[in-house]
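As C-alpha coordinates, the structure follows; a few thoughts come after it.
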Amino acid sequence: MSFRQRSTTLKRLMTEYKELTLNAPEGIIAGPVSETDFFKWEALISGPEKTPYEGGIFPAILTFPNDYPLSPPVMEFTCEMWHPNIYKNGKVCISILHAPGNDPNMYESSNERWSPVQSVEKILLSVVSMLAEPNDESPANVDAAKMYRNNREEFDNRVRKTVEKSLGF
Amino acid sequence: MDSPKENDINYADLTDENIINYENLIKEDEEKKPLVSEYDVIENYKVNYIDSEIFSKKINQLKNDCKGYRSVRKDGNCFYRSFSYKYFELINKNKNSKWSQEMKKIAKDSINVLTSVNFEKETIEDFYDFFMDAFDPQKFREISFVDEYTSNGIVFYLRLICSAELKINHEAYEMFLEEPLDSFISRQVEPLGRDVDNVQIMAIVNALKVCINIAYLDSTNNNVNWIKFGEEYQKDANSPVINLLFTPGHYDMLYHNDENV
(Lines give C-alpha, C1' and ligand atoms only; values in the text may rest on other atoms or scores of the structure.)
Protein backbone atom coordinates (compact mmCIF):
# COMPACT_ATOMS: atom_id res chain seq x y z
CA MET A 1 0.00 0.00 0.00
CA SER A 2 1.47 3.33 -1.04
CA PHE A 3 1.97 6.16 1.42
CA ARG A 4 -0.56 8.19 -0.52
CA GLN A 5 -3.20 5.46 -0.33
CA ARG A 6 -2.64 5.01 3.40
CA SER A 7 -2.90 8.72 4.00
CA THR A 8 -6.12 9.07 1.98
CA THR A 9 -7.69 6.09 3.71
CA LEU A 10 -6.64 7.15 7.21
CA LYS A 11 -7.73 10.74 6.69
CA ARG A 12 -11.12 9.54 5.58
CA LEU A 13 -11.53 7.16 8.54
CA MET A 14 -10.52 9.86 11.02
CA THR A 15 -12.97 12.35 9.47
CA GLU A 16 -15.76 9.80 9.70
CA TYR A 17 -14.90 8.96 13.29
CA LYS A 18 -14.89 12.62 14.29
CA GLU A 19 -18.23 13.16 12.52
CA LEU A 20 -19.78 10.10 14.23
CA THR A 21 -18.56 11.25 17.63
CA LEU A 22 -19.94 14.76 17.22
CA ASN A 23 -23.27 13.83 15.62
CA ALA A 24 -23.95 10.24 16.56
CA PRO A 25 -27.29 8.96 15.26
CA GLU A 26 -29.54 7.66 18.01
CA GLY A 27 -28.84 4.12 19.07
CA ILE A 28 -25.46 3.83 17.37
CA ILE A 29 -21.96 4.04 18.78
CA ALA A 30 -18.89 3.29 16.65
CA GLY A 31 -15.17 3.91 16.67
CA PRO A 32 -11.75 2.34 16.25
CA VAL A 33 -10.99 -0.57 18.57
CA SER A 34 -7.62 0.98 19.41
CA GLU A 35 -5.77 4.17 18.63
CA THR A 36 -3.09 2.21 16.82
CA ASP A 37 -5.40 0.53 14.33
CA PHE A 38 -7.91 2.72 12.53
CA PHE A 39 -8.82 -0.13 10.16
CA LYS A 40 -10.81 -2.05 12.79
CA TRP A 41 -13.83 -0.50 14.46
CA GLU A 42 -16.24 -1.69 17.07
CA ALA A 43 -19.90 -0.72 16.81
CA LEU A 44 -22.78 -1.07 19.23
CA ILE A 45 -26.26 -1.08 17.77
CA SER A 46 -29.47 -0.82 19.78
CA GLY A 47 -32.32 -2.93 18.51
CA PRO A 48 -34.98 -0.70 16.93
CA GLU A 49 -38.13 -0.02 18.90
CA LYS A 50 -41.33 -1.96 18.17
CA THR A 51 -39.35 -4.87 16.74
CA PRO A 52 -38.34 -8.11 18.47
CA TYR A 53 -34.78 -6.68 18.57
CA GLU A 54 -35.94 -3.84 20.89
CA GLY A 55 -33.93 -3.59 24.07
CA GLY A 56 -30.92 -5.45 22.69
CA ILE A 57 -27.43 -3.96 22.42
CA PHE A 58 -25.61 -5.78 19.63
CA PRO A 59 -21.83 -5.51 19.28
CA ALA A 60 -20.19 -5.77 15.84
CA ILE A 61 -16.75 -5.38 14.28
CA LEU A 62 -16.16 -3.37 11.10
CA THR A 63 -13.01 -4.27 9.16
CA PHE A 64 -11.89 -1.71 6.59
CA PRO A 65 -9.98 -2.75 3.47
CA ASN A 66 -6.72 -1.06 2.45
CA ASP A 67 -8.48 0.64 -0.42
CA TYR A 68 -11.26 2.17 1.68
CA PRO A 69 -13.41 4.11 0.73
CA LEU A 70 -13.17 2.71 -2.83
CA SER A 71 -14.21 -0.65 -1.35
CA PRO A 72 -16.60 -1.06 1.58
CA PRO A 73 -15.79 -2.50 5.01
CA VAL A 74 -16.94 -5.92 6.20
CA MET A 75 -19.32 -5.94 9.15
CA GLU A 76 -19.69 -8.87 11.53
CA PHE A 77 -21.77 -9.11 14.66
CA THR A 78 -19.80 -10.65 17.49
CA CYS A 79 -22.89 -11.75 19.39
CA GLU A 80 -25.44 -14.38 18.45
CA MET A 81 -27.87 -12.96 15.86
CA TRP A 82 -31.00 -14.45 14.31
CA HIS A 83 -31.85 -12.56 11.12
CA PRO A 84 -32.45 -13.46 7.44
CA ASN A 85 -29.69 -11.08 6.25
CA ILE A 86 -27.00 -12.02 8.77
CA TYR A 87 -24.93 -15.17 8.23
CA LYS A 88 -24.72 -17.60 11.12
CA ASN A 89 -21.10 -16.48 11.66
CA GLY A 90 -22.32 -12.90 12.20
CA LYS A 91 -21.41 -11.41 8.82
CA VAL A 92 -23.92 -8.83 7.59
CA CYS A 93 -25.17 -9.18 4.02
CA ILE A 94 -26.84 -6.05 2.67
CA SER A 95 -26.41 -4.32 -0.65
CA ILE A 96 -24.62 -1.25 0.70
CA LEU A 97 -21.80 -3.52 1.93
CA HIS A 98 -21.14 -5.19 -1.40
CA ALA A 99 -17.76 -4.67 -3.04
CA PRO A 100 -17.61 -2.87 -6.42
CA GLY A 101 -19.03 -4.88 -9.27
CA ASN A 102 -19.94 -7.72 -6.96
CA ASP A 103 -23.60 -8.52 -7.42
CA PRO A 104 -24.18 -11.93 -5.87
CA ASN A 105 -27.91 -11.47 -5.81
CA MET A 106 -29.98 -9.81 -8.46
CA TYR A 107 -32.79 -9.14 -5.99
CA GLU A 108 -30.60 -6.46 -4.57
CA SER A 109 -30.03 -4.59 -7.79
CA SER A 110 -32.84 -2.28 -6.78
CA ASN A 111 -31.08 -1.27 -3.59
CA GLU A 112 -28.45 1.28 -2.82
CA ARG A 113 -24.97 -0.19 -3.06
CA TRP A 114 -21.57 0.83 -1.82
CA SER A 115 -19.87 3.83 -3.35
CA PRO A 116 -17.21 6.07 -1.81
CA VAL A 117 -19.83 8.77 -1.14
CA GLN A 118 -21.47 6.41 1.35
CA SER A 119 -20.14 6.27 4.90
CA VAL A 120 -19.91 4.20 8.07
CA GLU A 121 -22.85 6.16 9.40
CA LYS A 122 -24.99 5.22 6.37
CA ILE A 123 -23.98 1.58 6.72
CA LEU A 124 -24.98 1.50 10.39
CA LEU A 125 -28.29 3.23 9.67
CA SER A 126 -28.95 0.67 6.91
CA VAL A 127 -28.23 -2.10 9.37
CA VAL A 128 -30.75 -0.64 11.83
CA SER A 129 -33.34 -0.53 9.01
CA MET A 130 -32.41 -4.07 8.09
CA LEU A 131 -33.11 -5.22 11.67
CA ALA A 132 -36.51 -3.52 11.53
CA GLU A 133 -37.33 -4.83 8.05
CA PRO A 134 -35.63 -8.08 7.08
CA ASN A 135 -35.41 -8.87 3.39
CA ASP A 136 -36.31 -12.55 3.10
CA GLU A 137 -35.86 -12.60 -0.67
CA SER A 138 -32.07 -12.72 -0.54
CA PRO A 139 -31.31 -14.52 2.68
CA ALA A 140 -27.86 -15.03 4.21
CA ASN A 141 -29.44 -17.26 6.84
CA VAL A 142 -31.94 -19.43 4.98
CA ASP A 143 -33.36 -21.01 8.16
CA ALA A 144 -34.02 -17.62 9.70
CA ALA A 145 -35.62 -16.43 6.45
CA LYS A 146 -37.93 -19.46 6.33
CA MET A 147 -38.91 -19.02 9.94
CA TYR A 148 -39.49 -15.30 9.38
CA ARG A 149 -41.78 -16.09 6.47
CA ASN A 150 -43.64 -19.12 7.87
CA ASN A 151 -43.73 -18.73 11.62
CA ARG A 152 -43.36 -15.14 12.73
CA GLU A 153 -44.13 -15.90 16.36
CA GLU A 154 -41.35 -18.49 16.62
CA PHE A 155 -39.01 -16.08 14.81
CA ASP A 156 -39.78 -13.24 17.21
CA ASN A 157 -39.25 -15.50 20.24
CA ARG A 158 -35.94 -16.72 18.91
CA VAL A 159 -34.84 -13.09 18.34
CA ARG A 160 -35.90 -12.10 21.88
CA LYS A 161 -33.64 -14.85 23.23
CA THR A 162 -30.68 -13.30 21.39
CA VAL A 163 -31.65 -9.93 22.86
CA GLU A 164 -31.46 -11.40 26.37
CA LYS A 165 -28.13 -13.00 25.54
CA SER A 166 -26.75 -9.75 24.13
CA LEU A 167 -27.51 -8.14 27.49
CA GLY A 168 -25.81 -10.95 29.36
CA PHE A 169 -28.89 -12.55 30.93
CA MET B 1 -9.57 -34.70 -9.79
CA ASP B 2 -10.85 -34.91 -13.35
CA SER B 3 -12.39 -31.82 -14.76
CA PRO B 4 -16.00 -32.34 -15.82
CA LYS B 5 -16.66 -32.93 -19.51
CA GLU B 6 -18.89 -30.47 -21.29
CA ASN B 7 -21.90 -32.82 -21.42
CA ASP B 8 -21.48 -33.80 -17.78
CA ILE B 9 -22.57 -30.38 -16.65
CA ASN B 10 -26.15 -30.29 -15.62
CA TYR B 11 -27.08 -26.65 -15.92
CA ALA B 12 -30.19 -27.11 -13.79
CA ASP B 13 -27.94 -28.05 -10.88
CA LEU B 14 -25.91 -24.85 -11.10
CA THR B 15 -26.41 -23.02 -7.83
CA ASP B 16 -25.95 -19.31 -7.26
CA GLU B 17 -22.83 -20.25 -5.36
CA ASN B 18 -21.37 -22.15 -8.36
CA ILE B 19 -22.03 -19.21 -10.59
CA ILE B 20 -20.51 -16.73 -8.14
CA ASN B 21 -17.43 -18.93 -7.73
CA TYR B 22 -17.05 -19.14 -11.49
CA GLU B 23 -17.45 -15.38 -11.82
CA ASN B 24 -14.86 -14.87 -9.10
CA LEU B 25 -12.41 -17.07 -11.02
CA ILE B 26 -12.87 -14.94 -14.13
CA LYS B 27 -12.48 -11.83 -11.98
CA GLU B 28 -9.25 -13.11 -10.42
CA ASP B 29 -7.88 -13.84 -13.90
CA GLU B 30 -8.79 -10.36 -15.03
CA GLU B 31 -7.16 -8.79 -11.96
CA LYS B 32 -3.78 -10.24 -13.01
CA LYS B 33 -3.89 -8.10 -16.15
CA PRO B 34 -2.60 -4.51 -16.11
CA LEU B 35 -5.20 -1.75 -15.73
CA VAL B 36 -4.20 -0.38 -19.13
CA SER B 37 -2.28 -2.47 -21.68
CA GLU B 38 0.65 -1.37 -23.85
CA TYR B 39 -0.14 0.09 -27.27
CA ASP B 40 -0.51 -2.54 -29.98
CA VAL B 41 -1.40 -2.59 -33.68
CA ILE B 42 -5.07 -3.10 -34.50
CA GLU B 43 -4.45 -6.48 -36.22
CA ASN B 44 -3.65 -7.96 -32.83
CA TYR B 45 -6.93 -6.97 -31.22
CA LYS B 46 -8.71 -9.97 -29.72
CA VAL B 47 -12.30 -10.29 -28.69
CA ASN B 48 -14.71 -12.79 -27.18
CA TYR B 49 -18.24 -13.62 -28.25
CA ILE B 50 -17.92 -12.58 -31.89
CA ASP B 51 -17.82 -15.02 -34.78
CA SER B 52 -14.28 -14.94 -36.13
CA GLU B 53 -15.21 -14.36 -39.78
CA ILE B 54 -17.41 -11.36 -39.05
CA PHE B 55 -14.88 -10.15 -36.56
CA SER B 56 -11.87 -10.20 -38.90
CA LYS B 57 -13.98 -8.47 -41.54
CA LYS B 58 -14.74 -5.70 -39.07
CA ILE B 59 -11.16 -5.36 -37.90
CA ASN B 60 -10.22 -4.88 -41.55
CA GLN B 61 -12.82 -2.14 -41.82
CA LEU B 62 -11.44 -0.51 -38.68
CA LYS B 63 -8.00 -0.44 -40.28
CA ASN B 64 -9.27 2.19 -42.70
CA ASP B 65 -9.44 4.65 -39.81
CA CYS B 66 -7.39 3.22 -36.98
CA LYS B 67 -3.93 1.78 -36.58
CA GLY B 68 -3.80 0.66 -32.98
CA TYR B 69 -5.44 0.09 -29.64
CA ARG B 70 -4.94 -0.21 -25.91
CA SER B 71 -7.06 -2.53 -23.79
CA VAL B 72 -8.25 -1.88 -20.27
CA ARG B 73 -9.20 -4.32 -17.54
CA LYS B 74 -12.72 -5.73 -17.72
CA ASP B 75 -13.99 -4.69 -14.32
CA GLY B 76 -17.09 -2.63 -15.04
CA ASN B 77 -15.02 0.56 -15.06
CA CYS B 78 -13.79 0.06 -18.63
CA PHE B 79 -15.48 3.10 -20.15
CA TYR B 80 -14.29 5.43 -17.39
CA ARG B 81 -10.76 4.02 -17.50
CA SER B 82 -10.46 4.02 -21.32
CA PHE B 83 -11.88 7.51 -21.56
CA SER B 84 -9.72 9.03 -18.83
CA TYR B 85 -6.51 7.41 -20.08
CA LYS B 86 -7.08 8.68 -23.62
CA TYR B 87 -8.16 12.10 -22.34
CA PHE B 88 -5.02 12.62 -20.25
CA GLU B 89 -2.80 11.11 -22.93
CA LEU B 90 -4.09 13.56 -25.55
CA ILE B 91 -3.78 16.49 -23.17
CA ASN B 92 -0.25 15.59 -22.07
CA LYS B 93 0.93 14.98 -25.63
CA ASN B 94 0.52 18.65 -26.38
CA LYS B 95 0.41 20.25 -22.97
CA ASN B 96 0.53 23.86 -24.09
CA SER B 97 -2.07 23.71 -26.83
CA LYS B 98 -5.15 25.84 -26.44
CA TRP B 99 -7.31 22.71 -26.21
CA SER B 100 -5.20 21.19 -23.42
CA GLN B 101 -5.28 24.44 -21.48
CA GLU B 102 -9.06 24.59 -21.84
CA MET B 103 -9.42 20.99 -20.68
CA LYS B 104 -7.29 21.67 -17.62
CA LYS B 105 -9.29 24.77 -16.75
CA ILE B 106 -12.57 22.84 -16.87
CA ALA B 107 -11.10 20.02 -14.78
CA LYS B 108 -9.67 22.45 -12.26
CA ASP B 109 -13.09 24.04 -11.80
CA SER B 110 -14.82 20.66 -11.43
CA ILE B 111 -14.32 20.60 -7.65
CA ASN B 112 -16.45 23.75 -7.37
CA VAL B 113 -19.10 22.18 -9.56
CA LEU B 114 -19.11 19.09 -7.35
CA THR B 115 -19.34 21.00 -4.07
CA SER B 116 -22.18 23.07 -5.58
CA VAL B 117 -24.28 19.89 -5.72
CA ASN B 118 -23.43 19.08 -2.10
CA PHE B 119 -20.54 16.66 -2.39
CA GLU B 120 -18.48 17.27 0.71
CA LYS B 121 -15.10 18.73 -0.10
CA GLU B 122 -13.39 16.60 2.54
CA THR B 123 -14.77 13.41 1.00
CA ILE B 124 -13.72 14.17 -2.56
CA GLU B 125 -10.62 16.36 -2.47
CA ASP B 126 -8.05 13.54 -2.42
CA PHE B 127 -9.66 12.03 -5.52
CA TYR B 128 -9.72 15.46 -7.13
CA ASP B 129 -5.96 15.62 -6.48
CA PHE B 130 -5.49 12.20 -8.13
CA PHE B 131 -7.38 13.50 -11.16
CA MET B 132 -5.46 16.77 -11.39
CA ASP B 133 -2.10 15.01 -10.89
CA ALA B 134 -2.67 13.20 -14.19
CA PHE B 135 -2.18 16.54 -15.98
CA ASP B 136 1.49 16.12 -15.10
CA PRO B 137 3.04 13.93 -17.83
CA GLN B 138 5.39 12.17 -15.43
CA LYS B 139 2.70 11.37 -12.86
CA PHE B 140 0.39 10.32 -15.70
CA ARG B 141 2.99 7.79 -16.90
CA GLU B 142 4.22 6.52 -13.56
CA ILE B 143 1.28 6.63 -11.15
CA SER B 144 -2.14 7.59 -12.50
CA PHE B 145 -2.89 4.36 -14.38
CA VAL B 146 -0.26 2.15 -12.76
CA ASP B 147 -1.17 2.38 -9.09
CA GLU B 148 -4.53 0.68 -8.67
CA TYR B 149 -5.82 2.89 -5.86
CA THR B 150 -4.96 6.06 -7.78
CA SER B 151 -6.47 4.75 -11.01
CA ASN B 152 -9.68 3.66 -9.29
CA GLY B 153 -9.72 7.02 -7.52
CA ILE B 154 -9.62 8.75 -10.92
CA VAL B 155 -12.45 6.50 -12.14
CA PHE B 156 -14.43 7.42 -9.03
CA TYR B 157 -13.82 11.14 -9.54
CA LEU B 158 -14.98 10.88 -13.15
CA ARG B 159 -18.13 9.13 -11.90
CA LEU B 160 -18.73 12.11 -9.59
CA ILE B 161 -18.26 14.55 -12.48
CA CYS B 162 -20.89 12.53 -14.34
CA SER B 163 -23.18 12.46 -11.31
CA ALA B 164 -22.93 16.25 -10.81
CA GLU B 165 -23.71 16.96 -14.48
CA LEU B 166 -26.77 14.65 -14.33
CA LYS B 167 -28.01 16.52 -11.26
CA ILE B 168 -27.33 20.04 -12.56
CA ASN B 169 -28.84 19.57 -16.05
CA HIS B 170 -31.29 16.83 -15.09
CA GLU B 171 -33.96 17.96 -17.55
CA ALA B 172 -31.63 17.00 -20.43
CA TYR B 173 -31.17 13.44 -19.20
CA GLU B 174 -34.27 12.37 -17.26
CA MET B 175 -36.18 11.42 -20.41
CA PHE B 176 -33.62 8.68 -21.10
CA LEU B 177 -33.98 7.08 -17.69
CA GLU B 178 -36.32 4.33 -16.61
CA GLU B 179 -36.07 5.22 -12.95
CA PRO B 180 -35.83 8.36 -10.80
CA LEU B 181 -32.58 10.26 -11.31
CA ASP B 182 -31.42 9.93 -7.69
CA SER B 183 -31.75 6.16 -7.69
CA PHE B 184 -30.09 5.93 -11.12
CA ILE B 185 -27.13 7.91 -9.79
CA SER B 186 -26.74 5.98 -6.55
CA ARG B 187 -27.11 2.59 -8.25
CA GLN B 188 -25.57 3.04 -11.69
CA VAL B 189 -23.20 6.00 -11.62
CA GLU B 190 -21.45 6.45 -8.28
CA PRO B 191 -20.60 2.84 -7.33
CA LEU B 192 -17.41 1.54 -8.90
CA GLY B 193 -17.77 -1.42 -11.24
CA ARG B 194 -21.06 -0.33 -12.84
CA ASP B 195 -21.00 -0.10 -16.64
CA VAL B 196 -22.12 2.96 -18.57
CA ASP B 197 -25.15 3.60 -20.74
CA ASN B 198 -25.28 6.37 -23.31
CA VAL B 199 -26.67 8.72 -20.66
CA GLN B 200 -23.45 8.61 -18.63
CA ILE B 201 -21.40 9.11 -21.81
CA MET B 202 -23.45 12.16 -22.75
CA ALA B 203 -23.09 13.60 -19.26
CA ILE B 204 -19.29 13.20 -19.25
CA VAL B 205 -19.01 14.72 -22.73
CA ASN B 206 -21.06 17.74 -21.63
CA ALA B 207 -19.34 18.17 -18.28
CA LEU B 208 -15.81 18.09 -19.71
CA LYS B 209 -16.71 19.56 -23.14
CA VAL B 210 -14.95 16.85 -25.11
CA CYS B 211 -15.84 14.91 -28.23
CA ILE B 212 -15.88 11.12 -28.05
CA ASN B 213 -16.06 8.94 -31.16
CA ILE B 214 -16.98 5.32 -30.53
CA ALA B 215 -16.63 2.45 -33.03
CA TYR B 216 -19.26 -0.21 -32.36
CA LEU B 217 -18.05 -3.64 -33.27
CA ASP B 218 -20.78 -6.25 -32.90
CA SER B 219 -21.67 -9.64 -34.34
CA THR B 220 -24.11 -8.35 -36.96
CA ASN B 221 -23.24 -8.35 -40.63
CA ASN B 222 -23.43 -4.56 -40.85
CA ASN B 223 -20.41 -2.35 -41.18
CA VAL B 224 -18.58 -0.97 -38.17
CA ASN B 225 -20.75 1.80 -36.86
CA TRP B 226 -19.15 5.01 -35.51
CA ILE B 227 -21.13 7.24 -33.18
CA LYS B 228 -19.91 10.65 -32.12
CA PHE B 229 -20.86 12.17 -28.78
CA GLY B 230 -20.33 15.90 -28.25
CA GLU B 231 -19.59 16.83 -31.85
CA GLU B 232 -20.32 20.45 -30.87
CA TYR B 233 -17.18 20.42 -28.71
CA GLN B 234 -14.98 19.56 -31.66
CA LYS B 235 -14.40 23.16 -32.61
CA ASP B 236 -12.24 22.53 -35.69
CA ALA B 237 -10.57 19.67 -37.50
CA ASN B 238 -7.55 19.96 -35.21
CA SER B 239 -9.45 19.53 -31.95
CA PRO B 240 -8.52 16.20 -30.44
CA VAL B 241 -11.22 13.53 -30.35
CA ILE B 242 -11.26 10.59 -27.94
CA ASN B 243 -11.59 7.43 -30.02
CA LEU B 244 -12.93 4.37 -28.27
CA LEU B 245 -13.86 0.87 -29.35
CA PHE B 246 -17.00 -0.86 -28.11
CA THR B 247 -17.30 -4.64 -28.33
CA PRO B 248 -20.22 -6.44 -26.62
CA GLY B 249 -20.00 -5.45 -22.96
CA HIS B 250 -16.62 -3.71 -23.10
CA TYR B 251 -14.81 -0.49 -24.05
CA ASP B 252 -11.16 -0.15 -25.12
CA MET B 253 -9.15 2.69 -26.71
CA LEU B 254 -8.49 3.25 -30.40
CA TYR B 255 -5.70 5.20 -32.10
CA HIS B 256 -6.64 6.96 -35.29
CA ASN B 257 -4.33 6.69 -38.30
CA ASP B 258 -3.27 10.32 -38.06
CA GLU B 259 -2.59 10.22 -34.32
CA ASN B 260 0.96 10.25 -33.02
CA VAL B 261 1.62 7.30 -30.79
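Labels for the C-alpha coordinates follow display order: chains A, B, ..., residues from 1 in each chain, ligands from 1.
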
Exercise for review: Would you list, as a PyMOL selection string, the residues of segment 126-248 of chain B that end up in helix (DSSP H, G or I) under DSSP run on this structure's backbone?
Suggested key: chain B and resi 126-133+137-144+148-168+170-176+181-189+198-208+231-233

Restrict the calculation to only C-alpha atoms, then for each residue of segment 8-126 of chain A with any atom at most 12 Å from an atom of segment 141-154 of chain B give the closest atom pair and their distance in Å to one decimal, rows by chain and rising residue number, as a Markdown table.
| residue | atom | partner | partner_atom | distance |
| --- | --- | --- | --- | --- |
| A:Thr8 | CA | B:Tyr149 | CA | 10.0 |
| A:Thr9 | CA | B:Tyr149 | CA | 10.3 |
| A:Pro65 | CA | B:Tyr149 | CA | 11.7 |
| A:Asn66 | CA | B:Tyr149 | CA | 9.2 |
| A:Asp67 | CA | B:Tyr149 | CA | 6.5 |
| A:Tyr68 | CA | B:Tyr149 | CA | 9.3 |
| A:Pro69 | CA | B:Gly153 | CA | 9.5 |
| A:Leu70 | CA | B:Gly153 | CA | 7.2 |
| A:Ser71 | CA | B:Asn152 | CA | 10.1 |
| A:Pro100 | CA | B:Asn152 | CA | 10.7 |
| A:Ser115 | CA | B:Gly153 | CA | 11.4 |
| A:Pro116 | CA | B:Gly153 | CA | 9.5 |

Point to revise | Close residues, Ile86 of chain A itself excluded, 12 Å, only C-alpha atoms, min 2 positions apart in chain, as number ranges by chain | key: A: 60, 75-84, 88-94, 127, 130-131, 134-136, 138-145

Point to revise | Spatial neighbours of segment 240-251 of chain B, 9 Å, only C-alpha atoms, chain gap at least 6 places, as a ChimeraX atom specification | key: /B:47-50,69,71-72,74,76,78-83,86-87,90-91,99,195,210-219,234

Exercise for review: Quick one: everything within 6 Å of segment 46-53 of chain A, counting only C-alpha atoms, minus sequence neighbours fewer than 3 positions away in the same chain. Send it as a ChimeraX atom specification.
Suggested key: /A:27,56-57,156,160

Write out as a tab-separated table a residue-level contact list of chain B versus chain A with cut-off 10 Å: for each qualifying residue the closest pair of atoms and the distance in Å to one decimal, counting only C-alpha atoms, rows sorted by chain and residue number upward.
residue	atom	partner	partner_atom	distance
B:Asp16	CA	A:Pro104	CA	7.7
B:Glu17	CA	A:Pro104	CA	8.4
B:Ile19	CA	A:Pro104	CA	8.9
B:Ile20	CA	A:Pro104	CA	6.5
B:Asn21	CA	A:Pro104	CA	9.9
B:Glu23	CA	A:Asn102	CA	9.4
B:Asn24	CA	A:Asn102	CA	9.0
B:Lys27	CA	A:Asn102	CA	9.9
B:Asp75	CA	A:Gly101	CA	7.1
B:Gly76	CA	A:Gly101	CA	6.5
B:Asn77	CA	A:Gly101	CA	8.9
B:Phe119	CA	A:Val117	CA	8.0
B:Glu120	CA	A:Val117	CA	8.8
B:Glu122	CA	A:Arg12	CA	8.0
B:Thr123	CA	A:Arg12	CA	7.0
B:Ile124	CA	A:Val117	CA	8.3
B:Glu125	CA	A:Thr8	CA	9.7
B:Asp126	CA	A:Thr8	CA	6.6
B:Phe127	CA	A:Thr8	CA	8.8
B:Phe130	CA	A:Arg4	CA	9.9
B:Asp147	CA	A:Ser2	CA	8.5
B:Glu148	CA	A:Asp67	CA	9.1
B:Tyr149	CA	A:Asp67	CA	6.5
B:Thr150	CA	A:Gln5	CA	7.7
B:Asn152	CA	A:Leu70	CA	7.4
B:Gly153	CA	A:Leu70	CA	7.2
B:Phe156	CA	A:Pro116	CA	7.9
B:Tyr157	CA	A:Pro116	CA	9.9
B:Leu160	CA	A:Val117	CA	9.2
B:Ser183	CA	A:Glu112	CA	7.6
B:Phe184	CA	A:Glu112	CA	9.6
B:Ile185	CA	A:Glu112	CA	9.7
B:Ser186	CA	A:Glu112	CA	6.2
B:Arg187	CA	A:Glu112	CA	5.7
B:Gln188	CA	A:Arg113	CA	9.2
B:Val189	CA	A:Ser115	CA	9.2
B:Glu190	CA	A:Ser115	CA	5.8
B:Pro191	CA	A:Ser115	CA	4.2
B:Leu192	CA	A:Pro100	CA	5.1
B:Gly193	CA	A:Gly101	CA	4.2
B:Arg194	CA	A:Gly101	CA	6.1
B:Asp195	CA	A:Gly101	CA	9.0

Review point. Taking into account only C-alpha atoms, which residue in the set A:Val163, A:Asn150, A:Ile123, A:Pro25 is nearest to Pro72 of chain A?
Key: A:Ile123

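One distance worth recording is that between atom CA of Gly55 of chain A and atom CA of Asn85 of chain A, which is 19.8 Å.
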
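What separates atom CA of Pro180 of chain B from atom CA of Leu97 of chain A is a distance of 22.4 Å.
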